[in-house]
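S.K.: Have a peek at start22.cif (mmCIF, C-alpha atoms and all ligand atoms).
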```
data_coords
#
loop_
_atom_site.label_atom_id
_atom_site.label_comp_id
_atom_site.auth_asym_id
_atom_site.auth_seq_id
_atom_site.Cartn_x
_atom_site.Cartn_y
_atom_site.Cartn_z
CA MET H 1291 -46.19 12.21 -34.60
CA ALA H 1292 -45.53 15.97 -34.86
CA GLY H 1293 -44.89 19.14 -32.85
CA ILE H 1294 -45.95 22.78 -32.84
CA TYR H 1295 -43.71 25.72 -31.92
CA ILE H 1296 -45.29 29.08 -31.09
CA HIS H 1297 -43.06 32.16 -31.06
CA ILE H 1298 -43.99 34.99 -28.68
CA PRO H 1299 -41.86 37.91 -29.93
CA PHE H 1300 -41.94 40.28 -26.95
CA CYS H 1301 -39.53 40.92 -24.07
CA LYS H 1302 -39.60 43.32 -21.13
CA GLN H 1303 -36.09 44.48 -21.92
CA ALA H 1304 -33.36 43.40 -24.33
CA CYS H 1305 -30.72 41.10 -22.84
CA HIS H 1306 -27.36 42.35 -24.05
CA TYR H 1307 -26.27 39.05 -25.61
CA CYS H 1308 -29.51 38.02 -27.35
CA ASN H 1309 -30.29 38.23 -31.06
CA PHE H 1310 -33.45 36.13 -31.11
CA HIS H 1311 -36.45 37.82 -32.72
CA PHE H 1312 -38.30 39.99 -30.17
CA SER H 1313 -39.59 43.51 -29.62
CA THR H 1314 -39.63 45.48 -26.37
CA SER H 1315 -42.57 47.55 -27.60
CA LEU H 1316 -45.90 45.95 -26.72
CA ASN H 1317 -47.92 48.15 -29.10
CA HIS H 1318 -48.73 45.25 -31.43
CA LYS H 1319 -49.23 42.58 -28.75
CA THR H 1320 -53.02 42.22 -29.05
CA ALA H 1321 -52.90 42.25 -32.86
CA LEU H 1322 -50.06 39.76 -32.84
CA VAL H 1323 -51.90 37.28 -30.62
CA GLU H 1324 -54.85 37.53 -33.03
CA ALA H 1325 -52.50 36.98 -35.97
CA LEU H 1326 -51.04 33.87 -34.28
CA GLN H 1327 -54.53 32.43 -34.13
CA LYS H 1328 -55.15 33.29 -37.78
CA GLU H 1329 -51.94 31.51 -38.69
CA ILE H 1330 -52.86 28.43 -36.64
CA LYS H 1331 -56.10 28.17 -38.66
CA LEU H 1332 -54.34 28.80 -42.00
CA GLN H 1333 -51.71 26.16 -41.31
CA LYS H 1334 -53.97 23.48 -39.91
CA ASN H 1335 -53.22 21.03 -42.72
CA PHE H 1336 -49.44 21.49 -42.68
CA LEU H 1337 -48.91 18.42 -40.48
CA LEU H 1338 -51.33 16.29 -42.55
CA GLY H 1339 -53.56 15.48 -39.62
CA ALA H 1340 -50.77 14.01 -37.46
CA THR H 1341 -51.46 13.87 -33.72
CA ILE H 1342 -49.57 16.60 -31.89
CA GLU H 1343 -47.16 15.12 -29.38
CA SER H 1344 -45.56 18.35 -28.21
CA ILE H 1345 -46.22 22.09 -28.17
CA TYR H 1346 -43.50 24.58 -27.30
CA PHE H 1347 -44.08 28.26 -26.48
CA GLY H 1348 -40.75 29.98 -27.08
CA GLY H 1349 -39.52 33.49 -27.49
CA GLY H 1350 -39.04 36.17 -26.82
CA THR H 1351 -40.87 35.77 -23.56
CA PRO H 1352 -44.06 33.67 -23.56
CA SER H 1353 -44.60 34.57 -19.89
CA MET H 1354 -45.59 38.05 -21.10
CA LEU H 1355 -48.88 36.56 -22.33
CA THR H 1356 -51.93 37.25 -20.20
CA GLU H 1357 -54.16 34.38 -19.04
CA MET H 1358 -56.79 35.40 -21.60
CA GLU H 1359 -54.27 35.47 -24.48
CA LEU H 1360 -52.93 32.06 -23.53
CA MET H 1361 -56.42 30.54 -23.27
CA ASP H 1362 -57.38 32.01 -26.67
CA ILE H 1363 -54.30 30.45 -28.29
CA PHE H 1364 -55.04 27.06 -26.72
CA SER H 1365 -58.65 27.14 -27.81
CA THR H 1366 -57.62 27.86 -31.43
CA LEU H 1367 -55.01 25.10 -31.28
CA HIS H 1368 -57.63 22.61 -30.08
CA GLN H 1369 -60.02 23.65 -32.87
CA SER H 1370 -57.38 23.11 -35.54
CA PHE H 1371 -55.29 20.13 -34.37
CA GLU H 1372 -55.65 16.75 -32.74
CA ILE H 1373 -53.54 17.20 -29.60
CA GLY H 1374 -52.44 13.96 -27.93
CA LYS H 1375 -53.71 13.41 -24.38
CA THR H 1376 -50.14 13.03 -23.08
CA ALA H 1377 -48.64 15.81 -25.23
CA GLU H 1378 -45.72 17.65 -23.65
CA ILE H 1379 -46.62 21.36 -23.50
CA THR H 1380 -43.61 23.53 -22.66
CA PHE H 1381 -43.71 27.20 -21.80
CA GLU H 1382 -40.59 29.40 -21.64
CA ALA H 1383 -40.78 31.76 -18.69
CA ASN H 1384 -38.55 34.42 -17.21
CA PRO H 1385 -38.06 34.37 -13.41
CA ASP H 1386 -39.48 37.88 -12.92
CA ASP H 1387 -42.80 36.78 -14.46
CA LEU H 1388 -43.18 33.64 -12.36
CA THR H 1389 -45.21 35.13 -9.51
CA SER H 1390 -47.39 32.69 -7.61
CA ALA H 1391 -50.46 34.22 -9.29
CA TYR H 1392 -49.02 33.68 -12.79
CA LEU H 1393 -47.92 30.16 -11.88
CA GLN H 1394 -51.51 29.41 -10.83
CA THR H 1395 -52.65 30.55 -14.28
CA LEU H 1396 -50.13 28.24 -15.93
CA VAL H 1397 -50.97 25.28 -13.72
CA LYS H 1398 -54.66 25.62 -14.63
CA SER H 1399 -53.79 25.80 -18.35
CA PRO H 1400 -52.68 22.80 -20.49
CA VAL H 1401 -49.00 23.79 -19.90
CA ASN H 1402 -47.23 20.86 -18.20
CA ARG H 1403 -43.54 21.79 -18.51
CA LEU H 1404 -41.66 25.03 -17.85
CA SER H 1405 -38.36 26.23 -19.29
CA ILE H 1406 -37.02 28.91 -16.95
CA GLY H 1407 -34.37 31.37 -18.17
CA VAL H 1408 -32.11 31.71 -15.15
CA GLN H 1409 -28.76 32.21 -17.00
CA SER H 1410 -26.79 32.56 -13.74
CA PHE H 1411 -27.29 32.69 -9.98
CA PHE H 1412 -24.80 35.61 -9.71
CA GLU H 1413 -25.57 39.34 -9.86
CA GLU H 1414 -22.23 39.99 -11.62
CA ASP H 1415 -23.49 37.99 -14.61
CA LEU H 1416 -27.14 39.06 -14.52
CA LYS H 1417 -26.28 42.78 -14.34
CA TRP H 1418 -24.20 43.06 -17.51
CA MET H 1419 -26.59 40.68 -19.28
CA ASN H 1420 -29.39 43.18 -18.52
CA ARG H 1421 -31.65 40.46 -17.19
CA ALA H 1422 -34.93 41.69 -15.70
CA HIS H 1423 -34.47 39.58 -12.53
CA ASP H 1424 -31.90 39.17 -9.79
CA ALA H 1425 -30.30 36.04 -8.34
CA ASN H 1426 -32.82 35.73 -5.49
CA GLN H 1427 -35.74 35.84 -7.92
CA ALA H 1428 -34.05 33.09 -9.94
CA ILE H 1429 -33.99 30.81 -6.89
CA ASP H 1430 -37.39 31.83 -5.51
CA CYS H 1431 -39.23 31.17 -8.78
CA ILE H 1432 -37.96 27.59 -8.79
CA HIS H 1433 -39.42 27.00 -5.31
CA GLU H 1434 -42.63 28.75 -6.36
CA ALA H 1435 -42.91 26.66 -9.54
CA ARG H 1436 -42.62 23.47 -7.47
CA LYS H 1437 -45.09 24.76 -4.91
CA ALA H 1438 -47.57 25.46 -7.73
CA GLY H 1439 -47.24 21.85 -8.89
CA PHE H 1440 -44.63 21.91 -11.68
CA GLU H 1441 -42.33 18.90 -11.33
CA ASN H 1442 -41.27 18.84 -14.97
CA PHE H 1443 -39.17 21.91 -15.71
CA SER H 1444 -35.88 23.00 -17.18
CA VAL H 1445 -33.45 25.77 -16.31
CA ASP H 1446 -31.25 27.65 -18.82
CA LEU H 1447 -27.71 28.61 -17.80
CA ILE H 1448 -25.03 30.42 -19.81
CA TYR H 1449 -21.34 29.61 -19.28
CA GLY H 1450 -18.05 31.04 -20.56
CA SER H 1451 -18.99 34.68 -19.91
CA PRO H 1452 -16.05 37.03 -19.17
CA SER H 1453 -17.86 37.81 -15.89
CA THR H 1454 -18.11 34.15 -14.81
CA SER H 1455 -15.06 32.78 -12.99
CA ASN H 1456 -14.50 29.03 -12.79
CA GLY H 1457 -15.51 29.19 -9.13
CA MET H 1458 -18.78 30.95 -10.01
CA TRP H 1459 -19.57 28.37 -12.67
CA GLU H 1460 -18.91 25.60 -10.16
CA LYS H 1461 -21.32 27.30 -7.73
CA ASN H 1462 -23.98 27.68 -10.46
CA LEU H 1463 -23.78 23.93 -11.11
CA GLU H 1464 -23.84 23.23 -7.38
CA LYS H 1465 -27.10 25.21 -7.19
CA ILE H 1466 -28.57 23.04 -9.96
CA ARG H 1467 -27.68 19.97 -7.88
CA ALA H 1468 -28.94 21.42 -4.59
CA LEU H 1469 -32.23 22.50 -6.18
CA LYS H 1470 -32.58 19.04 -7.82
CA ILE H 1471 -33.30 20.65 -11.21
CA PRO H 1472 -34.68 17.84 -13.43
CA HIS H 1473 -33.55 19.30 -16.77
CA LEU H 1474 -30.74 21.72 -17.63
CA SER H 1475 -30.07 23.55 -20.91
CA SER H 1476 -26.63 25.08 -20.78
CA TYR H 1477 -25.18 27.21 -23.57
CA ALA H 1478 -21.73 28.67 -24.19
CA LEU H 1479 -22.02 32.45 -24.43
CA THR H 1480 -21.80 33.47 -28.07
CA VAL H 1481 -21.11 37.02 -29.20
CA GLU H 1482 -23.83 37.83 -31.74
CA GLU H 1483 -23.84 40.63 -34.31
CA GLY H 1484 -26.41 43.32 -33.66
CA THR H 1485 -26.40 42.91 -29.87
CA ALA H 1486 -24.99 45.27 -27.25
CA LEU H 1487 -22.40 42.61 -26.39
CA GLY H 1488 -21.38 42.37 -30.04
CA SER H 1489 -20.79 46.11 -30.22
CA TRP H 1490 -18.93 46.28 -26.86
CA VAL H 1491 -16.58 43.50 -27.95
CA LYS H 1492 -15.96 45.24 -31.29
CA LYS H 1493 -15.15 48.52 -29.50
CA GLY H 1494 -12.99 46.79 -26.86
CA LYS H 1495 -15.39 47.81 -24.06
CA MET H 1496 -15.86 44.21 -23.02
CA PRO H 1497 -13.47 41.29 -23.51
CA ASP H 1498 -14.37 38.73 -26.16
CA VAL H 1499 -15.36 35.22 -25.11
CA ASP H 1500 -12.25 33.20 -24.24
CA PRO H 1501 -12.58 29.78 -25.94
CA ALA H 1502 -10.26 28.20 -23.33
CA LYS H 1503 -12.61 29.35 -20.55
CA SER H 1504 -15.70 28.10 -22.41
CA LEU H 1505 -14.02 24.72 -22.89
CA LYS H 1506 -13.07 24.59 -19.19
CA HIS H 1507 -16.68 25.34 -18.20
CA PHE H 1508 -17.95 22.71 -20.62
CA GLU H 1509 -15.58 20.14 -19.08
CA MET H 1510 -16.83 21.08 -15.62
CA LEU H 1511 -20.36 20.62 -16.93
CA GLN H 1512 -19.49 17.16 -18.27
CA GLN H 1513 -18.03 16.12 -14.90
CA PHE H 1514 -21.08 17.54 -13.14
CA VAL H 1515 -23.58 15.57 -15.26
CA GLN H 1516 -21.65 12.33 -14.86
CA LYS H 1517 -21.31 12.70 -11.09
CA ASN H 1518 -24.96 13.65 -10.62
CA HIS H 1519 -26.46 11.07 -13.00
CA TYR H 1520 -27.90 13.43 -15.57
CA ARG H 1521 -28.21 12.04 -19.08
CA HIS H 1522 -26.21 14.34 -21.37
CA TYR H 1523 -28.53 13.57 -24.27
CA GLU H 1524 -27.65 16.59 -26.44
CA ILE H 1525 -24.58 18.83 -26.32
CA SER H 1526 -26.48 21.63 -24.54
CA ASN H 1527 -29.13 19.53 -22.79
CA MET H 1528 -29.05 17.19 -19.80
CA ALA H 1529 -31.84 15.55 -17.86
CA LEU H 1530 -32.49 13.32 -14.89
CA GLU H 1531 -34.06 10.04 -15.97
CA GLY H 1532 -37.48 10.55 -17.57
CA PHE H 1533 -37.18 14.35 -17.90
CA GLU H 1534 -35.73 14.54 -21.42
CA ALA H 1535 -37.58 17.13 -23.57
CA VAL H 1536 -39.90 15.45 -26.08
CA HIS H 1537 -40.25 18.55 -28.29
CA ASN H 1538 -36.54 19.29 -28.63
CA SER H 1539 -35.66 15.60 -29.04
CA ASN H 1540 -38.11 15.44 -31.93
CA TYR H 1541 -36.31 18.34 -33.66
CA TRP H 1542 -33.08 16.36 -33.42
CA LYS H 1543 -34.82 13.25 -34.78
CA ARG H 1544 -36.06 15.44 -37.66
CA ILE H 1545 -39.74 14.76 -36.91
CA PRO H 1546 -42.07 17.28 -38.62
CA TYR H 1547 -43.10 20.41 -36.75
CA LEU H 1548 -45.08 23.54 -37.49
CA GLY H 1549 -43.73 26.91 -36.36
CA ILE H 1550 -46.32 29.64 -35.68
CA GLY H 1551 -45.42 33.32 -35.28
CA PRO H 1552 -42.87 35.76 -36.68
CA ALA H 1553 -39.47 34.17 -37.36
CA ALA H 1554 -40.82 30.69 -36.59
CA HIS H 1555 -39.49 27.80 -38.72
CA SER H 1556 -41.42 24.74 -39.90
CA PHE H 1557 -40.26 21.38 -41.25
CA ASP H 1558 -42.34 18.69 -42.97
CA GLY H 1559 -39.61 16.05 -43.34
CA LYS H 1560 -38.32 17.39 -46.69
CA ASN H 1561 -38.93 21.16 -46.80
CA ARG H 1562 -38.24 24.03 -44.47
CA GLN H 1563 -40.13 27.33 -44.32
CA TRP H 1564 -39.72 30.33 -42.10
CA ASN H 1565 -41.99 33.27 -41.37
CA ILE H 1566 -40.92 36.88 -41.78
CA ASN H 1567 -39.09 38.17 -38.69
CA ASN H 1568 -40.98 41.45 -38.44
CA ASN H 1569 -44.03 41.74 -36.17
CA ALA H 1570 -45.84 44.49 -38.12
CA LYS H 1571 -45.38 42.76 -41.50
CA TYR H 1572 -46.36 39.39 -40.01
CA ILE H 1573 -49.60 40.90 -38.65
CA GLN H 1574 -50.34 42.75 -41.89
CA ALA H 1575 -49.94 39.60 -44.00
CA LEU H 1576 -52.27 37.61 -41.75
CA ASN H 1577 -54.83 40.42 -41.78
CA GLU H 1578 -54.80 40.02 -45.55
CA GLY H 1579 -55.30 36.25 -45.14
CA ARG H 1580 -51.81 35.25 -46.28
CA LEU H 1581 -48.44 34.30 -44.84
CA GLU H 1582 -45.20 36.07 -45.52
CA MET H 1583 -42.54 33.36 -45.53
CA GLU H 1584 -39.64 31.81 -47.39
CA LYS H 1585 -39.32 28.15 -48.33
CA GLU H 1586 -36.48 25.82 -49.10
CA ALA H 1587 -36.69 22.26 -50.43
CA LEU H 1588 -33.92 20.26 -48.79
CA SER H 1589 -31.66 18.34 -51.16
CA GLU H 1590 -30.45 14.81 -50.40
CA SER H 1591 -27.11 16.30 -49.27
CA ASP H 1592 -28.89 18.74 -46.94
CA LEU H 1593 -30.86 15.86 -45.39
CA PHE H 1594 -27.68 13.78 -45.03
CA ASN H 1595 -25.76 16.70 -43.45
CA GLU H 1596 -28.60 17.36 -41.02
CA TYR H 1597 -28.73 13.69 -40.02
CA ILE H 1598 -24.98 13.79 -39.23
CA MET H 1599 -25.16 17.14 -37.41
CA THR H 1600 -28.13 16.28 -35.19
CA GLY H 1601 -27.04 12.68 -34.61
CA LEU H 1602 -23.57 13.70 -33.47
CA ARG H 1603 -24.91 16.37 -31.13
CA CYS H 1604 -27.13 13.73 -29.46
CA ASP H 1605 -26.20 10.65 -27.45
CA TRP H 1606 -27.88 8.29 -29.96
CA GLY H 1607 -25.19 9.13 -32.54
CA ILE H 1608 -25.07 8.15 -36.21
CA SER H 1609 -25.51 4.69 -37.66
CA LYS H 1610 -23.94 2.86 -40.61
CA ALA H 1611 -27.19 0.95 -41.22
CA TYR H 1612 -29.21 4.20 -41.42
CA ILE H 1613 -26.81 5.72 -43.95
CA ALA H 1614 -26.73 2.52 -46.02
CA LYS H 1615 -30.53 2.47 -46.12
CA HIS H 1616 -31.36 6.18 -46.57
CA PHE H 1617 -28.26 7.62 -48.25
CA PRO H 1618 -26.57 4.79 -50.20
CA GLN H 1619 -25.09 7.37 -52.62
CA PHE H 1620 -22.96 8.81 -49.78
CA ASN H 1621 -22.03 5.49 -48.17
CA ASN H 1622 -18.43 5.28 -49.42
CA THR H 1623 -17.35 8.76 -48.35
CA PHE H 1624 -19.26 8.34 -45.08
CA GLU H 1625 -17.51 5.07 -44.19
CA LYS H 1626 -14.09 6.55 -45.02
CA GLU H 1627 -14.67 9.60 -42.82
CA LEU H 1628 -16.10 7.44 -40.04
CA ALA H 1629 -12.96 5.30 -40.00
CA ALA H 1630 -10.78 8.45 -39.94
CA GLN H 1631 -12.71 10.00 -37.03
CA VAL H 1632 -12.59 6.72 -35.05
CA GLN H 1633 -8.83 6.55 -35.70
CA LEU H 1634 -8.48 10.16 -34.44
CA GLY H 1635 -10.43 9.24 -31.30
CA ALA H 1636 -13.22 11.76 -32.00
CA LEU H 1637 -15.87 9.05 -32.42
CA VAL H 1638 -16.44 5.83 -30.49
CA GLU H 1639 -18.68 2.85 -31.25
CA LYS H 1640 -21.69 2.42 -28.98
CA THR H 1641 -23.97 -0.59 -29.57
CA SER H 1642 -25.17 -0.09 -33.16
CA SER H 1643 -24.05 3.53 -33.63
CA PHE H 1644 -21.11 5.92 -33.37
CA VAL H 1645 -21.10 8.76 -30.86
CA LEU H 1646 -18.72 11.59 -30.02
CA ALA H 1647 -15.99 10.78 -27.52
CA ASP H 1648 -16.31 12.97 -24.40
CA ALA H 1649 -13.25 15.00 -25.41
CA ALA H 1650 -14.75 15.80 -28.82
CA LYS H 1651 -18.19 16.94 -27.62
CA PHE H 1652 -17.17 20.60 -27.37
CA ILE H 1653 -16.20 20.53 -31.06
CA ALA H 1654 -19.27 18.54 -32.19
CA ASP H 1655 -20.11 20.87 -35.07
CA GLY H 1656 -16.51 20.77 -36.36
CA VAL H 1657 -16.47 16.96 -36.37
CA ALA H 1658 -19.87 16.87 -38.10
CA SER H 1659 -18.66 19.24 -40.82
CA GLU H 1660 -15.90 16.77 -41.77
CA PHE H 1661 -18.68 14.43 -42.98
CA PHE H 1662 -20.66 17.03 -44.92
CA VAL H 1663 -21.27 16.55 -48.61
CA VAL H 1664 -21.77 19.56 -50.90
CA ASN H 1665 -25.13 20.26 -52.49
CA ASP H 1666 -26.20 18.06 -55.38
C1 LIG H 1701 -34.21 32.95 -26.75
S1 LIG H 1701 -34.09 32.65 -25.09
C2 LIG H 1701 -35.77 32.59 -24.64
C3 LIG H 1701 -36.00 32.31 -23.18
C4 LIG H 1701 -36.45 33.42 -22.27
N1 LIG H 1701 -36.86 34.59 -22.93
C5 LIG H 1701 -35.33 33.79 -21.34
O1 LIG H 1701 -34.62 34.73 -21.59
O2 LIG H 1701 -35.20 33.12 -20.35
C6 LIG H 1701 -33.54 30.96 -24.91
C7 LIG H 1701 -32.18 30.80 -24.28
O3 LIG H 1701 -31.16 31.01 -25.22
C8 LIG H 1701 -29.97 31.30 -24.53
N2 LIG H 1701 -29.23 32.33 -25.29
C9 LIG H 1701 -29.75 33.35 -25.99
N3 LIG H 1701 -28.75 34.08 -26.57
C10 LIG H 1701 -27.59 33.49 -26.21
C11 LIG H 1701 -26.19 33.77 -26.50
N4 LIG H 1701 -25.82 34.81 -27.24
N5 LIG H 1701 -25.26 32.94 -25.98
C12 LIG H 1701 -25.63 31.86 -25.23
N6 LIG H 1701 -26.91 31.58 -24.93
C13 LIG H 1701 -27.87 32.36 -25.41
C14 LIG H 1701 -30.36 31.73 -23.12
O4 LIG H 1701 -29.91 30.78 -22.19
C15 LIG H 1701 -31.86 31.78 -23.16
O5 LIG H 1701 -32.46 31.38 -21.97
S1 LIG H 1702 -32.74 36.05 -23.54
FE1 LIG H 1702 -34.95 35.86 -23.43
S2 LIG H 1702 -35.64 37.70 -22.29
FE2 LIG H 1702 -33.59 38.09 -22.96
S3 LIG H 1702 -33.84 39.21 -24.88
FE3 LIG H 1702 -33.54 37.02 -25.41
S4 LIG H 1702 -35.57 36.22 -25.56
FE4 LIG H 1702 -35.77 38.18 -24.47
#
```
Could you write out this structure as structure tokens?

M.R.:
Amino acid sequence: MAGIYIHIPFCKQACHYCNFHFSTSLNHKTALVEALQKEIKLQKNFLLGATIESIYFGGGTPSMLTEMELMDIFSTLHQSFEIGKTAEITFEANPDDLTSAYLQTLVKSPVNRLSIGVQSFFEEDLKWMNRAHDANQAIDCIHEARKAGFENFSVDLIYGSPSTSNGMWEKNLEKIRALKIPHLSSYALTVEEGTALGSWVKKGKMPDVDPAKSLKHFEMLQQFVQKNHYRHYEISNMALEGFEAVHNSNYWKRIPYLGIGPAAHSFDGKNRQWNINNNAKYIQALNEGRLEMEKEALSESDLFNEYIMTGLRCDWGISKAYIAKHFPQFNNTFEKELAAQVQLGALVEKTSSFVLADAAKFIADGVASEFFVVND
């Protein structure tokens, strides 16, 4: 069992909050798509022949790929990997790219799941964010995606923005319900260094994120998922039954994956590696038949900390039996901290594991860090 992530590092325009790796210049696009294929061939043994259960095109903006580019990438993937017949193949798309013609291209391709970056159904939000689409396009593309035959798709929303009132957030969630969106990824706005938002906040041109508002929106989200029978299976991800993301769930179960493209990360169960986050240097290295990347061997404490972090963010939680079996050296400190967090009400027992109490979900990473052990 394994997954492949493919990073498409181009965007039409820079969203003012985003610090993912992307370029708005398309000068290197053809060379980059060729380099992706070279990397796929170079890395074909990384997953030791495991059958590929999921492929995820992320970005950047994968929907900037042409039909030909997409087909070329798929054909190289098929030459190099054994892709399972029922593999989940997700494609991140921006609403402005999802024309009916482009959706036809996707439907004819092996893509069987879309992740649509809506962010908000309000112009007030979309404008300052510098999104390349308006609210109507956000709604229309969902109808068009369904019309084209996509039943399995996800929508991204951002909450806690200074421009989003509680009433607007409520209406955004109401739209998700009315449109019967099968999967929702919802993130608290974070102010990132090196973005326009980061510089506006520093200069006082835009208010900083108010943690009380983000918490309020998260609580509204929790009530929304409970009332509408979504499974809140990861802090930022909720799905109607049967629509949970295979690829992302496998990250959180620490199943090996190969990341292709600039800035993409890979994990083989014990080691992490990440490609250079520079398109020109990435292309140059592959033209010379090599990869420019960094590697890190994870220590036992890193693996333990990651188990705690991912387990607590997900609804399957963390288990005493797993720790006793895989990390006996940390068992004593783990059990002590577990008892303390249960006493505090942050964790609750659920069948054979411990999960975050609803009130502690917003501070998941803080609770997890209480368990962390320092590097050995
Ligand atoms: C890297 S983007 C790629 C998806 C696609 N290009 C798009 O914009 O729809 C993935 C998601 O991360 C989220 N995101 C990116 N930066 C964020 C930030 N600073 N705060 C909160 N969410 C963010 C957005 O919801 C976005 O849809
Ligand atoms: S949010 Fe998406 S479209 Fe906007 S800059 Fe980031 S990757 Fe590009």

S.K.: Please, which residues have at least one atom within 6 Å of an atom of ligand LIG 1702 (chain H), using all atoms listed in the file, listed as a PDB file with C-alpha atoms, in the frame of the given file?

M.R.:
```
ATOM      1  CA  CYS H1301     -39.530  40.920 -24.070  1.00  0.00           C
ATOM      2  CA  ALA H1304     -33.360  43.400 -24.330  1.00  0.00           C
ATOM      3  CA  CYS H1305     -30.720  41.100 -22.840  1.00  0.00           C
ATOM      4  CA  CYS H1308     -29.510  38.020 -27.350  1.00  0.00           C
ATOM      5  CA  PHE H1310     -33.450  36.130 -31.110  1.00  0.00           C
ATOM      6  CA  GLY H1349     -39.520  33.490 -27.490  1.00  0.00           C
ATOM      7  CA  GLY H1350     -39.040  36.170 -26.820  1.00  0.00           C
ATOM      8  CA  THR H1351     -40.870  35.770 -23.560  1.00  0.00           C
TER       9      THR H1351
END
```

S.K.: Kindly indicate which residue among H:Leu1332, H:Leu1416, H:Val1481, H:Ala1438 lies nearest to ligand LIG 1701 (chain H), using only C-alpha atoms and all ligand atoms for the distances.

M.R.: H:Val1481

S.K.: Please return as a ChimeraX atom specification the residues found within 8 Å of ligand LIG 1701 (chain H), counting all atoms listed in the file.

M.R.: /H:1301,1305,1307-1310,1348-1352,1382-1385,1405-1409,1421,1446-1449,1475-1482

S.K.: Interatomic distance between CA of Asp1605 (chain H) and CA of Ile1525 (chain H)?

M.R.: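 These atoms are spaced 8.4 Å apart.
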
S.K.: For each of H:Trp1606, H:Phe1661, H:Phe1300, H:Phe1371, take the minimum atom-to-atom distance to Gln1631 (chain H), counting all atoms listed in the file, then give the residue where this is smallest.

M.R.: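 The shortest atom-to-atom distance to Gln1631 (chain H) comes from H:Phe1661.
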
S.K.: Could you check how far CA of Lys1437 (chain H) sits from CA of Ile1294 (chain H), in Å to one decimal?

M.R.: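 If I compute the distance from CA of Lys1437 (chain H) to CA of Ile1294 (chain H), I get 28.0 Å.
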
S.K.: Give me the residues within 7 Å of His1311 (chain H) as a PyMOL selection string, counting all atoms listed in the file and dropping any in the same chain fewer than 5 places off.

M.R.: chain H and resi 1299+1350+1553+1567

S.K.: Fewer than 6 positions away in the same chain doesn't count, so skip those; otherwise give me all residues within 12 Å of region 1334-1345 of chain H, counting all atoms listed in the file, as a PyMOL selection string.

M.R.: chain H and resi 1291-1297+1327-1328+1363-1364+1366-1382+1400-1404+1535-1541+1545-1550+1556-1559+1561-1563

S.K.: Name the closest residue to Leu1576 (chain H) among the candidates H:Pro1552, H:Lys1626, H:Thr1454, H:Lys1560; distances are taken between atoms, counting all atoms listed in the file.

M.R.: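 Counting all atoms listed in the file, the residue closest to Leu1576 (chain H) is H:Pro1552.
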
S.K.: With distances taken over all atoms listed in the file, which of H:Ile1598, H:Ile1573, H:Ala1647, H:Val1632 is nearest to His1318 (chain H)?

M.R.: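 Of H:Ile1598, H:Ile1573, H:Ala1647, H:Val1632, the one nearest His1318 (chain H) is H:Ile1573, counting all atoms listed in the file.
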
S.K.: In Å, rounded to a single decimal, give me how far CA of Ser1365 (chain H) is from CA of Lys1331 (chain H).

M.R.: 11.2 Å

S.K.: Can you pull out every residue within 10 Å of Ala1325 (chain H), counting only C-alpha atoms, but drop anything in the same chain fewer than 4 positions away, and send it as a PDB file with C-alpha atoms, in the frame of the given file?

M.R.:
```
ATOM      1  CA  LYS H1319     -49.230  42.580 -28.750  1.00  0.00           C
ATOM      2  CA  THR H1320     -53.020  42.220 -29.050  1.00  0.00           C
ATOM      3  CA  ALA H1321     -52.900  42.250 -32.860  1.00  0.00           C
ATOM      4  CA  GLU H1329     -51.940  31.510 -38.690  1.00  0.00           C
ATOM      5  CA  ILE H1330     -52.860  28.430 -36.640  1.00  0.00           C
ATOM      6  CA  LYS H1331     -56.100  28.170 -38.660  1.00  0.00           C
ATOM      7  CA  ILE H1550     -46.320  29.640 -35.680  1.00  0.00           C
ATOM      8  CA  GLY H1551     -45.420  33.320 -35.280  1.00  0.00           C
ATOM      9  CA  PRO H1552     -42.870  35.760 -36.680  1.00  0.00           C
ATOM     10  CA  ASN H1569     -44.030  41.740 -36.170  1.00  0.00           C
ATOM     11  CA  TYR H1572     -46.360  39.390 -40.010  1.00  0.00           C
ATOM     12  CA  ILE H1573     -49.600  40.900 -38.650  1.00  0.00           C
ATOM     13  CA  GLN H1574     -50.340  42.750 -41.890  1.00  0.00           C
ATOM     14  CA  ALA H1575     -49.940  39.600 -44.000  1.00  0.00           C
ATOM     15  CA  LEU H1576     -52.270  37.610 -41.750  1.00  0.00           C
ATOM     16  CA  ASN H1577     -54.830  40.420 -41.780  1.00  0.00           C
ATOM     17  CA  GLY H1579     -55.300  36.250 -45.140  1.00  0.00           C
TER      18      GLY H1579
END
```

S.K.: Go through H:Asn1565, H:Leu1581, H:Val1664, H:Asp1648 one by one, measure the shortest atom-to-atom distance of each to Leu1593 (chain H) using all atoms listed in the file, and give the residue with the smallest value.

M.R.: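 Result for the nearest residue to Leu1593 (chain H): H:Val1664.
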
S.K.: With distances taken over only C-alpha atoms, which of H:Lys1493, H:Arg1544, H:His1507, H:Arg1436 is nearest to Met1458 (chain H)?

M.R.: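 Counting only C-alpha atoms, the residue closest to Met1458 (chain H) is H:His1507.
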
S.K.: Any idea what's packed within 10 Å of Ala1649 (chain H), counting all atoms listed in the file, ignoring anything in its chain fewer than 6 positions away? Could you give it as JSON, numbers by chain?

M.R.: {"H": [1509, 1512, 1635, 1636, 1637]}

S.K.: Tell me, as number ranges by chain, which residues lie within 9 Å of Glu1357 (chain H), counting only C-alpha atoms; anything in the same chain fewer than 5 positions away does not count.

M.R.: H: 1362, 1392, 1395-1396, 1399
